[in-house]
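*Asks:* This is the structure, below, for whatever I ask next.
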Amino acid sequence: MKWLGTLKPRLLIFLMVLGPGIITSFADNDAGGVATYSVAASQFGYGMLTTLIPITIVLLITQEIGARIAVVTGKGLGDLIREHYGIRISLLIFGLLFFVNFGVILQNLGGLKEALQSFNFSVGTFLPLIIIFLFVFITRASYAKVEKFFLFLILFYVAYLFSAILAKPDWGLVLKSLFVPARTVTFDYVYTSIAVLGTTVTAWGQFFINSYVKDKKLTIDRLHYNQAEIYIGSLLTNVFSLFMMVAVTATLFNNGITITGAADAALAIKPFAGELASLLFGTGLLVAGFIGLAIVPLATAYAFSEFFGVSGSLNETFGKSRTFYVLFIMQILLGLVFILSPNITLFNITLYADYLNGIFLPIILFFLYRFANNKELMGEHVNNQLQNALLIGAGVIITGAALIGALGNIL
C-alpha cells in the first residue's frame with residue numbers, strides 16, 4: 001500500500017493546481033457555445049459530431065502550450081507579443097481580440113436574456129442584478145474565491161448529460177458518428193464546422209488561460225500537474241458539448257425542426273423529451289451565460305493590461321488595478337446597451353461571431369508556435385516535434401477550411 005502514501009501528496013498538489021485548465025475549457029461552452037452547438041446539431045444532426053474529436057485534440061494542444069509558456073516565462077501572451085513584436089502589432093492584435101470578444105460578450109448577454117425569459121423572469125430587473133453581483137464579486141473577492149466559485153458553477157453542466165439521456169438517442173449511432181464523417185460535405189457544413197471550432201478553441205481562451213495561469217503564480221515544478229488538469233478539462237468540456245448536440249439531434253433534427261439559438265432548443269425539445277429535459281437545458285444555458293459573461297471580459301482586460309503594461313490581476317484591489325476592472329465592466333455595460341435594444345436578436349450573429357473566432361485563431365497559433373519554440377524563453381520546455389506538427393497542421397487546416405467556408409458563404 002506504499003503507493004497510497006505517494007498518491008496523497010500528489011493528489012493534494014493536483015487539487016492546489018486545479019482551476020485554469022478546467023475553467024477555461026468549460027468557459028468555451030458559454031452561452032454562445034451552447035447556441036452554436038444547438039444550431040449546428042439542428043441543421044446537421046449527428047453528422048456534426050465528427051468534428052468533436054479533432055477539435056478536442058486542437059484544444060488539448062493549444063491550451064497546454066499557452067499554459068506552459070505562462071508557467072515557464074512567468075509572462076502572459078500579451079506581454080510576450082509586446083516585448084517581441086512591438087506596440088503596433090500589439091495594438092492590431094488587441095483591436096482584433098476586442099472586436100471578436102465583444103461579439104462573444106453579446107452572445108453571453110443574449111443567452112442570459114433568453115434564459116431568463118424562458119423562466120419568465122423580468123430581464124429588465126434580473127439581468128442588471130446579475131451584472132451588479134458579478135462586478136462586485138470580481139472586484140472584491142480574492143483570486144482563490146473567484147476560482148472556487150467558477151469551479152462550483154461548472155457542476156451545473158451535468159444538466160446537459162441528463163438532457164441527452166432524457167432525449168433517448170441512438171447511442172450506437174452517436175458513437176459511430178464520432179468517427180464516420182458526414183456523407184456530404186457542403187460549404188454550409190464547413191462554415192458551421194469552423195463556427196463550432198471557433199466557439200470551442202477560442203482566441204480569447206488562449207489569452208485567458210495564459211494570463212490566468214500567470215495570475216495563479218504556478219511554478220515549473222507544478223507544470224506536469226497543470227498539464228494533466230488541462231487535458232482533463234479539455235476532454236470533459238467536449239464530452240458535455242457532445243451531450244448538448246445529442247439532445248438537440250435526437251429531438252429536433254430527427255423531427256425536422258431547425259432553430260436559431262439555445263433558448264429555442266430548450267423550449268423546442270420539451271414536446272419530445274419532456275419538461276424536465278427542457279428545464280435542465282435552460283438551466284445549463286443560464287449558468288453557461290453567466291460563466292461566459294465573467295470569463296470573456298476578463299480575458300480582454302487581462303490582454304489589455306499585458307499589451308499596454310498596466311496593472312491587472314484578480315489578486316489586486318480595485319484601486320491598484322483600476323484600468324483592469326473598469327475595462328471589465330465597461331465591456332459588459334456596452335454589450336447590455338446592445339442586448340436590451342428591441343431591434344437586436346442575439347442568435348442572428350451566433351455563427352458569425354464564432355466563425356470570426358475561428359479565422360482569428362491561426363494568428364494566435366502563430367504566436368504560440370513562435371514563443372513555444374524560443375529556447376531563450378522556454379529552455380528545455382520548448383515544443384517537441386509532435387506538438388509542432390499538430391500546431392502547424394491545425395493552423396493550416398483551420399485557415400483552409402475558413403477560406404472554403406467564406407467562399408461558400410459568398411457564393
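Just so we're on the same page: first chain in the C-alpha cells is A, next is B, and so on; residues restart at 1 for each chain, and ligands are numbered from 1 in the order they show up.
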Please, which residues in segment 73-180 of chain A fall within 12 Å of segment 247-262 of chain A when counting only C-alpha atoms, and what is the closest atom pair and distance in Å to one decimal for each, ordered by chain then residue number, as CSV?

*Replies:*
residue,atom,partner,partner_atom,distance
A:Gln107,CA,A:Gly261,CA,10.0
A:Asn108,CA,A:Ala262,CA,11.0
A:Gly110,CA,A:Gly261,CA,9.9
A:Gly111,CA,A:Ala262,CA,7.5
A:Leu112,CA,A:Ala262,CA,10.5
A:Lys113,CA,A:Ala262,CA,11.4
A:Glu114,CA,A:Ala262,CA,8.6
A:Ala115,CA,A:Ala262,CA,8.7
A:Ser118,CA,A:Ala262,CA,10.8
A:Ala159,CA,A:Ala247,CA,10.9
A:Tyr160,CA,A:Ala247,CA,7.7
A:Leu161,CA,A:Ala247,CA,8.6
A:Phe162,CA,A:Ala247,CA,9.0
A:Ser163,CA,A:Ala247,CA,6.0
A:Ala164,CA,A:Ala247,CA,4.2
A:Ile165,CA,A:Ala247,CA,7.6
A:Leu166,CA,A:Ala247,CA,8.0
A:Ala167,CA,A:Ala247,CA,5.5
A:Lys168,CA,A:Ala250,CA,6.9
A:Pro169,CA,A:Ala250,CA,5.1
A:Asp170,CA,A:Ala250,CA,7.8
A:Trp171,CA,A:Ala250,CA,10.0
A:Leu173,CA,A:Ala250,CA,10.6
A:Val174,CA,A:Ala250,CA,9.8
A:Ser177,CA,A:Thr249,CA,11.9

*Asks:* Extract, using only C-alpha atoms, all DNA, RNA and protein residues at most 12 Å from Gly78 of chain A, discarding same-chain residues fewer than 5 positions from it, and format them as number ranges by chain.

*Replies:* A: 66, 69-70, 83-87, 89-94, 97, 204, 206-211, 214, 299-310, 312, 364, 367-368, 371

*Asks:* Only N, CA and C atoms, please: the residues just picked out, written as a compact mmCIF listing (two decimals), in the first residue's frame.

*Replies:*
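So out-v8.txt came out as:
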# COMPACT_ATOMS: atom_id res chain seq x y z
N GLY A 66 -0.18 27.19 -24.29
CA GLY A 66 -0.37 28.51 -23.70
C GLY A 66 -0.06 28.52 -22.22
N ILE A 69 3.79 28.12 -21.59
CA ILE A 69 4.50 29.37 -21.83
C ILE A 69 4.40 30.27 -20.60
N ALA A 70 3.20 30.35 -20.02
CA ALA A 70 3.00 31.20 -18.85
C ALA A 70 3.77 30.71 -17.64
N GLU A 83 6.64 42.64 -26.13
CA GLU A 83 8.10 42.66 -25.99
C GLU A 83 8.82 42.24 -27.26
N HIS A 84 8.25 41.28 -28.01
CA HIS A 84 8.95 40.72 -29.16
C HIS A 84 8.50 41.30 -30.50
N TYR A 85 7.30 41.91 -30.54
CA TYR A 85 6.78 42.40 -31.83
C TYR A 85 6.41 43.88 -31.81
N GLY A 86 6.49 44.52 -30.66
CA GLY A 86 6.31 45.96 -30.61
C GLY A 86 4.86 46.40 -30.39
N ILE A 87 4.70 47.69 -30.19
CA ILE A 87 3.41 48.25 -29.81
C ILE A 87 2.42 48.26 -30.97
N ILE A 89 2.04 46.05 -33.50
CA ILE A 89 1.44 44.72 -33.60
C ILE A 89 0.52 44.47 -32.41
N SER A 90 0.93 44.95 -31.24
CA SER A 90 0.10 44.79 -30.04
C SER A 90 -1.24 45.49 -30.22
N LEU A 91 -1.23 46.70 -30.76
CA LEU A 91 -2.47 47.43 -31.00
C LEU A 91 -3.37 46.69 -31.98
N LEU A 92 -2.77 46.15 -33.04
CA LEU A 92 -3.53 45.42 -34.04
C LEU A 92 -4.18 44.17 -33.44
N ILE A 93 -3.38 43.39 -32.73
CA ILE A 93 -3.90 42.14 -32.15
C ILE A 93 -4.96 42.43 -31.10
N PHE A 94 -4.71 43.44 -30.27
CA PHE A 94 -5.70 43.76 -29.24
C PHE A 94 -7.00 44.25 -29.88
N LEU A 97 -8.80 41.25 -31.09
CA LEU A 97 -9.28 40.49 -29.94
C LEU A 97 -10.50 41.15 -29.31
N TRP A 204 -9.79 34.11 -27.43
CA TRP A 204 -9.78 34.67 -26.07
C TRP A 204 -9.35 33.62 -25.05
N GLN A 206 -7.08 31.36 -25.42
CA GLN A 206 -5.62 31.27 -25.39
C GLN A 206 -5.03 32.39 -24.54
N PHE A 207 -5.60 33.58 -24.64
CA PHE A 207 -5.13 34.69 -23.81
C PHE A 207 -5.51 34.45 -22.35
N PHE A 208 -6.73 33.96 -22.13
CA PHE A 208 -7.19 33.83 -20.75
C PHE A 208 -6.40 32.79 -19.99
N ILE A 209 -6.21 31.60 -20.56
CA ILE A 209 -5.51 30.57 -19.80
C ILE A 209 -4.07 30.98 -19.53
N ASN A 210 -3.47 31.67 -20.49
CA ASN A 210 -2.10 32.15 -20.31
C ASN A 210 -2.03 33.15 -19.15
N SER A 211 -2.94 34.12 -19.15
CA SER A 211 -2.94 35.15 -18.11
C SER A 211 -3.39 34.59 -16.77
N LYS A 214 -0.66 32.65 -15.17
CA LYS A 214 0.33 33.60 -14.65
C LYS A 214 -0.17 34.22 -13.35
N ALA A 299 -10.75 38.06 -20.01
CA ALA A 299 -9.70 37.77 -20.99
C ALA A 299 -9.26 39.04 -21.71
N THR A 300 -10.23 39.88 -22.10
CA THR A 300 -9.91 41.15 -22.76
C THR A 300 -9.15 42.08 -21.82
N ALA A 301 -9.61 42.14 -20.56
CA ALA A 301 -8.95 43.02 -19.58
C ALA A 301 -7.53 42.56 -19.28
N TYR A 302 -7.35 41.24 -19.16
CA TYR A 302 -6.00 40.69 -18.98
C TYR A 302 -5.12 41.09 -20.16
N ALA A 303 -5.63 40.88 -21.38
CA ALA A 303 -4.84 41.16 -22.58
C ALA A 303 -4.46 42.64 -22.65
N PHE A 304 -5.41 43.52 -22.36
CA PHE A 304 -5.11 44.96 -22.38
C PHE A 304 -4.00 45.29 -21.39
N SER A 305 -4.10 44.75 -20.18
CA SER A 305 -3.09 45.02 -19.15
C SER A 305 -1.70 44.59 -19.61
N GLU A 306 -1.63 43.44 -20.29
CA GLU A 306 -0.33 42.93 -20.73
C GLU A 306 0.18 43.66 -21.97
N PHE A 307 -0.70 43.92 -22.91
CA PHE A 307 -0.28 44.61 -24.14
C PHE A 307 0.26 46.00 -23.85
N PHE A 308 -0.34 46.68 -22.88
CA PHE A 308 -0.01 48.08 -22.67
C PHE A 308 0.63 48.35 -21.31
N GLY A 309 1.05 47.29 -20.63
CA GLY A 309 1.90 47.43 -19.45
C GLY A 309 1.25 48.09 -18.25
N VAL A 310 -0.07 47.86 -18.04
CA VAL A 310 -0.72 48.40 -16.85
C VAL A 310 -1.02 47.26 -15.89
N GLY A 312 -2.89 44.59 -13.78
CA GLY A 312 -4.15 43.88 -13.96
C GLY A 312 -4.09 42.48 -13.38
N ILE A 364 -3.29 33.55 -33.61
CA ILE A 364 -2.86 33.27 -32.24
C ILE A 364 -1.96 32.03 -32.22
N PHE A 367 1.66 32.90 -32.91
CA PHE A 367 2.41 33.42 -31.76
C PHE A 367 2.73 32.29 -30.77
N LEU A 368 1.81 31.38 -30.56
CA LEU A 368 2.09 30.24 -29.69
C LEU A 368 3.27 29.44 -30.22
N PHE A 371 6.66 31.47 -29.70
CA PHE A 371 7.13 31.55 -28.31
C PHE A 371 7.46 30.18 -27.74

*Asks:* Using only C-alpha atoms, find the one residue out of A:Met330, A:Leu386, A:Leu52, A:Ala31 that sits nearest to Asn238 of chain A.

*Replies:* A:Leu52

*Asks:* With distances taken over only C-alpha atoms, which residue among A:Met244, A:Leu175, A:Phe324, A:Ile291 lies nearest Leu134 of chain A?

*Replies:*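 Of A:Met244, A:Leu175, A:Phe324, A:Ile291, the one nearest Leu134 of chain A is A:Ile291, counting only C-alpha atoms.
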
*Asks:* Please indicate the distance in Å from atom CA of Leu327 of chain A to atom CA of Leu298 of chain A, rounded to one decimal place.

*Replies:*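 Atom CA of Leu298 of chain A lies at a distance of 8.6 Å from atom CA of Leu327 of chain A.
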
*Asks:* Tell me which of A:Leu267, A:Val382, A:Ile392, A:Leu356 sits closest to Ala195 of chain A, counting only C-alpha atoms.

*Replies:*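 Closest to Ala195 of chain A of all the choices is A:Leu356.
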